[in-house]
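Colleague: The structure follows.
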Amino acid sequence: MYFKTNKEKGNSGLGMAIAYFTTNGYVVAIPLNDTQDYDLIIEKDGEIKTVQVKSTGCKTKNRIYQVALKSCGGTNGKTYKTLIETKVDFLFVLNEKLEMYLIPKNKIRNKATLNLC
């Protein structure tokens, strides 16, 4: 799958995350706005967790998929938040080969990027 735009990349990641969790027996809730750190709320066996969803088509010079862990914005593209500074429980990542990764946030130490291999 080739992501034509960032919007398409984000929508694909969110859709695949919802499909992944629902087919694995989770109840999935989507927040009403996008001001929180998480993109999904998942519940299974009475346990509620939060998930940040990211998608990537970016590869390193060694052809390994890499995902950005920081959020940037504004007119100068300044970093305003990194994943490890959030209160989410999981990071769900989709790459353009439709490979999915579910990573507990407490296992992530990097601030800027994460190589998927």
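Residue numbering restarts at 1 in every chain; chains get A, B, ... in the order shown in the structure tokens, and ligands count up from 1 in that same order.
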Can you write out as JSON lines which residues of segment 5-70 of chain A fall within 9 Å of segment 95-108 of chain A, alongside each residue's closest atom pair and its distance in Å to one decimal, counting only C-alpha atoms and ordering rows by chain and ascending residue number?

Modeller:
{"residue": "A:Lys9", "atom": "CA", "partner": "A:Glu96", "partner_atom": "CA", "distance": 8.5}
{"residue": "A:Gly13", "atom": "CA", "partner": "A:Asn95", "partner_atom": "CA", "distance": 8.2}
{"residue": "A:Met16", "atom": "CA", "partner": "A:Met100", "partner_atom": "CA", "distance": 8.4}
{"residue": "A:Ala17", "atom": "CA", "partner": "A:Met100", "partner_atom": "CA", "distance": 8.3}
{"residue": "A:Tyr20", "atom": "CA", "partner": "A:Met100", "partner_atom": "CA", "distance": 8.7}
{"residue": "A:Lys54", "atom": "CA", "partner": "A:Asn95", "partner_atom": "CA", "distance": 8.7}
{"residue": "A:Ser55", "atom": "CA", "partner": "A:Asn95", "partner_atom": "CA", "distance": 5.6}
{"residue": "A:Thr56", "atom": "CA", "partner": "A:Asn95", "partner_atom": "CA", "distance": 4.8}
{"residue": "A:Gly57", "atom": "CA", "partner": "A:Glu96", "partner_atom": "CA", "distance": 5.2}
{"residue": "A:Cys58", "atom": "CA", "partner": "A:Asn95", "partner_atom": "CA", "distance": 8.3}
{"residue": "A:Tyr65", "atom": "CA", "partner": "A:Asn95", "partner_atom": "CA", "distance": 7.1}
{"residue": "A:Gln66", "atom": "CA", "partner": "A:Asn95", "partner_atom": "CA", "distance": 8.7}
{"residue": "A:Val67", "atom": "CA", "partner": "A:Asn95", "partner_atom": "CA", "distance": 8.6}

Colleague: With only C-alpha atoms as the counted atoms, please give the residues lying no more than 12 Å from Thr86 of chain A, apart from itself and same-chain residues fewer than 6 positions off, as a list in words.

Modeller: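 Contacts, with the query itself left out: Gln36, Asp37, Tyr38, Asp39, Thr50, Val51, Gln52, Leu69, Lys70, Ser71, Tyr80, Lys105, Asn106, Ile108 and Lys111 of chain A.
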
Colleague: Using DSSP on the backbone, list every residue of chain A that comes out as alpha helix (DSSP H), and give them as a list of chain:residue names.

Modeller: A:Asn6, A:Lys7, A:Glu8, A:Lys9, A:Gly10, A:Asn11, A:Ser12, A:Gly13, A:Leu14, A:Gly15, A:Met16, A:Ala17, A:Ile18, A:Ala19, A:Tyr20, A:Phe21, A:Thr22, A:Thr23

Colleague: Create the file for the chosen residues now, containing N, CA and C atoms and written as a short mmCIF file (atom, residue, chain, number, x, y, z; two decimals), in the first residue's frame.

Modeller:
data_model
loop_
_atom_site.label_atom_id
_atom_site.label_comp_id
_atom_site.auth_asym_id
_atom_site.auth_seq_id
_atom_site.Cartn_x
_atom_site.Cartn_y
_atom_site.Cartn_z
N ASN A 6 -0.52 12.40 3.92
CA ASN A 6 -0.45 12.14 5.36
C ASN A 6 -1.83 11.81 5.92
N LYS A 7 -2.86 12.44 5.38
CA LYS A 7 -4.23 12.17 5.82
C LYS A 7 -4.61 10.72 5.53
N GLU A 8 -4.28 10.25 4.33
CA GLU A 8 -4.56 8.87 3.96
C GLU A 8 -3.76 7.90 4.84
N LYS A 9 -2.52 8.26 5.13
CA LYS A 9 -1.67 7.44 5.98
C LYS A 9 -2.29 7.32 7.38
N GLY A 10 -2.73 8.42 7.93
CA GLY A 10 -3.35 8.42 9.26
C GLY A 10 -4.66 7.65 9.29
N ASN A 11 -5.49 7.85 8.28
CA ASN A 11 -6.77 7.14 8.22
C ASN A 11 -6.57 5.64 8.07
N SER A 12 -5.58 5.23 7.29
CA SER A 12 -5.30 3.80 7.11
C SER A 12 -4.84 3.18 8.43
N GLY A 13 -3.97 3.87 9.13
CA GLY A 13 -3.48 3.36 10.41
C GLY A 13 -4.60 3.21 11.42
N LEU A 14 -5.45 4.21 11.51
CA LEU A 14 -6.57 4.15 12.46
C LEU A 14 -7.53 3.04 12.10
N GLY A 15 -7.86 2.91 10.82
CA GLY A 15 -8.77 1.85 10.38
C GLY A 15 -8.22 0.46 10.65
N MET A 16 -6.93 0.26 10.38
CA MET A 16 -6.32 -1.05 10.62
C MET A 16 -6.22 -1.35 12.11
N ALA A 17 -5.97 -0.33 12.92
CA ALA A 17 -5.91 -0.52 14.37
C ALA A 17 -7.28 -0.95 14.90
N ILE A 18 -8.34 -0.30 14.44
CA ILE A 18 -9.69 -0.67 14.86
C ILE A 18 -9.99 -2.10 14.45
N ALA A 19 -9.64 -2.46 13.22
CA ALA A 19 -9.86 -3.84 12.74
C ALA A 19 -9.06 -4.83 13.57
N TYR A 20 -7.81 -4.51 13.87
CA TYR A 20 -6.96 -5.41 14.66
C TYR A 20 -7.57 -5.68 16.03
N PHE A 21 -7.94 -4.61 16.72
CA PHE A 21 -8.45 -4.78 18.08
C PHE A 21 -9.82 -5.46 18.09
N THR A 22 -10.71 -5.10 17.19
CA THR A 22 -12.04 -5.73 17.20
C THR A 22 -11.96 -7.20 16.84
N THR A 23 -11.09 -7.58 15.93
CA THR A 23 -10.96 -9.00 15.58
C THR A 23 -10.23 -9.80 16.64
#

Colleague: From the list A:Asp89, A:Asn115, A:Phe3, A:Ile42, which residue is nearest Lys61 of chain A when using only C-alpha atoms?

Modeller: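 Of A:Asp89, A:Asn115, A:Phe3, A:Ile42, the one nearest Lys61 of chain A is A:Asn115, counting only C-alpha atoms.
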
Colleague: Separation of atom CA of Leu116 of chain A and atom CA of Tyr26 of chain A, in Å?

Modeller: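 Taking atom CA of Leu116 of chain A as the start and atom CA of Tyr26 of chain A as the end point, the length is 24.3 Å.
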